[in-house]
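Only one structure is covered here, and it is reproduced in the block below.
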Amino acid sequence: MVLPSTAQYWRADVGLYHRVQQFYAWQMQLLDDGRVDEWAATFTEDGVFAANAHPEPVSGRENIAAGARAAVAKLAADGLVRRHWLGMLTVAEQPDGTIKARSYALVINTPKGGQAAVHVSTSCEDVLVADGPDLLVADRRVTRDDL
Amino acid sequence: MVLPSTAQYWRADVGLYHRVQQFYAWQMQLLDDGRVDEWAATFTEDGVFAANAHPEPVSGRENIAAGARAAVAKLAADGLVRRHWLGMLTVAEQPDGTIKARSYALVINTPKGGQAAVHVSTSCEDVLVADGPDLLVADRRVTRDDL
Amino acid sequence: MVLPSTAQYWRADVGLYHRVQQFYAWQMQLLDDGRVDEWAATFTEDGVFAANAHPEPVSGRENIAAGARAAVAKLAADGLVRRHWLGMLTVAEQPDGTIKARSYALVINTPKGGQAAVHVSTSCEDVLVADGPDLLVADRRVTRDDL
């Protein structure tokens with residue numbers, strides 16, 4: 001019995017998988033804590049953030065930071081706490097040394113004094129690059145399930 | 001202070017745990033992408049899929065594929081995107097070489113143009129077998145929390 | 001490009017990260033299965049459980065068990081199945097040998113015969129200590145997003 005080739009493709013070793021997993025956890029915490037500059041620093045200088053919810057991809061760390069800063073300010077104005085959950089992660093090292101990571105991302109919103117609920121369900125495709133012992137996002141594509 | 005014996009039981013080493021974790025992520029992505037044949041190929045030829053939502057367990061890869069194909073077609077007809085999240089995973093190697101895995105599975109539905117929400121919450125008990133470097137599901141029992 | 005110091009801080013090695021991850025999965029399963037004594041045994045004898053939903057921290061394994069026993073009984077009386085999902089985990093070994101772990105925790109409630117839904121979204125900060133090959137919670141701080 002031969003498994004489809006995608007099985008072989010998504011077979012990152014345990015060390016790399018762990019590295020990506022802990023990187024994502026830390027990255028999402030930074031964003032949800034409103035630490036926008038530290039969060040934006042997890043993208044490459046010329047990183048790209050594309051989302052089917054936005055007409056154009058955002059390019060460059062400064063622009064990515066500006067977008068996040070606006071989003072964090074709006075959440076605060078709306079009295080919402082947001083949590084980004086990332087899961088069902090598959091990781092593959094590419095021949096050029098970059099790392100491809102595919103995951104699901106669930107956004108949970110809680111109004112202060114109100115009821116937590118799923119806000120949106122998405123999938124996320126990243127190209128990551130190593131930066132010493134750390135990782136940086138070179139390219140992120142977020143696809144909302146509702147659009 | 002002695003921990004209960006279940007602690008010793010659920011003490012898979014990091015390599016096996018990782019293998020199961022990445023296998024599940026890949027397997028759920030296949031199903032949610034509607035790649036039914038590849039998904040069904042992650043079960044053994046004589047695999048069993050039992051669920052308290054169904055009167056009878058489904059036996060054999062072909063029958064498991066047929067059930068998934070019908071479910072995927074119904075989701076498309078209903079205009080729903082479905083995501084299976086699997087988490088809180090405990091893994092134990094059995095004396096006979098098979099692998100027991102217990103997890104929670106959350107199903108998130110998003111109608112096109114609509115609001116994402118939790119569909120059902122379940123727990124999942126699998127018996128996995130190694131197939132070279134890959135894993136196959138020999139037996140899956142899914143228990144919906146609402147039933 | 002220098003990443004913020006928090007990146008260096010949250011850089012547990014794969015072995016420790018795995019240990020915490022599997023510990024949490026097992027611990028949540030114990031609680032949700034109503035196995036209160038085994039669950040309470042995953043805290044140190046003088047463990048502390050603090051939550052912004054409660055006026056006072058609960059101290060000592062016996063008191064922590066009593067609180068959980070009451071919660072489990074209330075869920076049963078209300079006909080609810082509860083699942084604790086823990087994710088977005090960052091782990092750091094402290095100079096004193098203890099382990100700091102930060103995570104998100106999502107509580108999913110399902111009424112028997114009813115609709116599963118997110119109950120509350122929280123963040124969780126733990127101090128863990130090694131107990132032979134196992135881990136124990138010395139201090140847990142749970143912060144509900146709605147409060």
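Letters A, B, ... go to the chains of the structure tokens in the order shown; residues in each chain start at 1; ligands are counted from 1 in the same order.
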
Closest atom pairs, chain C residues within 7 Å of chain A, only C-alpha atoms, as JSON lines:
```
{"residue": "C:Leu3", "atom": "CA", "partner": "A:Ala41", "partner_atom": "CA", "distance": 6.4}
{"residue": "C:Pro4", "atom": "CA", "partner": "A:Glu38", "partner_atom": "CA", "distance": 6.2}
{"residue": "C:Val14", "atom": "CA", "partner": "A:His18", "partner_atom": "CA", "distance": 6.0}
{"residue": "C:Met88", "atom": "CA", "partner": "A:Ala25", "partner_atom": "CA", "distance": 4.1}
{"residue": "C:Leu89", "atom": "CA", "partner": "A:Ala25", "partner_atom": "CA", "distance": 5.6}
{"residue": "C:Thr90", "atom": "CA", "partner": "A:Gln22", "partner_atom": "CA", "distance": 6.1}
{"residue": "C:Val118", "atom": "CA", "partner": "A:Ala117", "partner_atom": "CA", "distance": 5.7}
{"residue": "C:His119", "atom": "CA", "partner": "A:Ala116", "partner_atom": "CA", "distance": 6.5}
{"residue": "C:Val120", "atom": "CA", "partner": "A:Ala116", "partner_atom": "CA", "distance": 5.5}
{"residue": "C:Ser121", "atom": "CA", "partner": "A:Ala116", "partner_atom": "CA", "distance": 6.1}
{"residue": "C:Asp145", "atom": "CA", "partner": "A:Val81", "partner_atom": "CA", "distance": 6.2}
{"residue": "C:Asp146", "atom": "CA", "partner": "A:Lys112", "partner_atom": "CA", "distance": 4.5}
{"residue": "C:Leu147", "atom": "CA", "partner": "A:Gly113", "partner_atom": "CA", "distance": 5.9}
```

(request) Tell me, as a list in words, which residues lie within 7 Å of B:Asp126, counting only C-alpha atoms; anything in the same chain fewer than 5 positions away does not count. (result) Lys100, Ala101, Arg102, Val137, Asp139, Arg140 and Arg141 of chain B

(message) Can you tell me which residues surround A:Ala92 at a distance of at most 6 Å, considering only C-alpha atoms, apart from same-chain residues fewer than 5 positions away, and format the answer as a list in words?
(response)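 Residues meeting the cut-off are Trp10, Ala12, Ile99 and Lys100 of chain A.
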
Include N, CA, C and O atoms and write out the residues we just selected as an mmCIF file, in the first residue's frame.
```
data_model
loop_
_atom_site.group_PDB
_atom_site.id
_atom_site.type_symbol
_atom_site.label_atom_id
_atom_site.label_comp_id
_atom_site.auth_asym_id
_atom_site.auth_seq_id
_atom_site.Cartn_x
_atom_site.Cartn_y
_atom_site.Cartn_z
ATOM 1 N N TRP A 10 4.950 16.167 3.578
ATOM 2 C CA TRP A 10 4.775 16.765 4.895
ATOM 3 C C TRP A 10 5.394 15.891 5.964
ATOM 4 O O TRP A 10 4.693 15.352 6.797
ATOM 5 N N ALA A 12 8.233 16.749 8.123
ATOM 6 C CA ALA A 12 9.294 17.486 8.808
ATOM 7 C C ALA A 12 9.778 16.677 9.993
ATOM 8 O O ALA A 12 8.998 15.971 10.629
ATOM 9 N N ILE A 99 11.065 27.060 4.641
ATOM 10 C CA ILE A 99 10.165 26.120 5.313
ATOM 11 C C ILE A 99 8.736 26.482 4.936
ATOM 12 O O ILE A 99 8.331 27.647 5.071
ATOM 13 N N LYS A 100 8.005 25.510 4.458
ATOM 14 C CA LYS A 100 6.605 25.721 4.137
ATOM 15 C C LYS A 100 5.779 25.179 5.292
ATOM 16 O O LYS A 100 6.024 24.064 5.772
#
```

(request) Go ahead and compute the interatomic distance for atom CA of A:Glu56 and atom CA of A:Leu31, in Å to one decimal. (result)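 Taking atom CA of A:Glu56 as the start and atom CA of A:Leu31 as the end point, the length is 21.0 Å.
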
(request) Determine which residues of stretch 33-145 of chain C receive a DSSP assignment of strand (DSSP E), computed from the backbone, and state them as JSON, numbers by chain. (result) {"C": [43, 44, 45, 46, 47, 48, 49, 50, 51, 58, 59, 80, 81, 82, 83, 84, 85, 86, 87, 88, 89, 90, 91, 92, 93, 99, 100, 101, 102, 103, 104, 105, 106, 107, 108, 109, 110, 111, 117, 118, 119, 120, 121, 122, 123, 124, 125, 126, 127, 128, 129, 130, 131, 134, 135, 136, 137, 138, 139, 140, 141, 142, 143, 144]}

(request) Could you tell me how far atom CA of C:Ala71 lies from atom CA of C:Cys124, in Å and to one decimal? (result)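 Between atom CA of C:Ala71 and atom CA of C:Cys124 the gap works out to 18.4 Å.
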
(request) If you run DSSP over the backbone, which residues in chain B end up alpha helix (DSSP H)? Put them as a ChimeraX atom specification. (result) /B:5-9,14-32,36-40,61-78

(request) Considering only C-alpha atoms, state which residue in the set C:Thr143, C:Asn52, C:Ser123, C:Ser59 is at the smallest distance from C:Ala105. (result)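 Answer, going by the shortest atom-to-atom distance: C:Ser123.
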
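Here atom CA of C:Phe43 is placed at a distance of 10.3 Å from atom CA of C:Val127.
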
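Restricting the calculation to only C-alpha atoms, the smallest distance between B:Lys74 and any of B:Gly34, B:Thr122, B:Asp96, B:Phe49 is found for B:Gly34.
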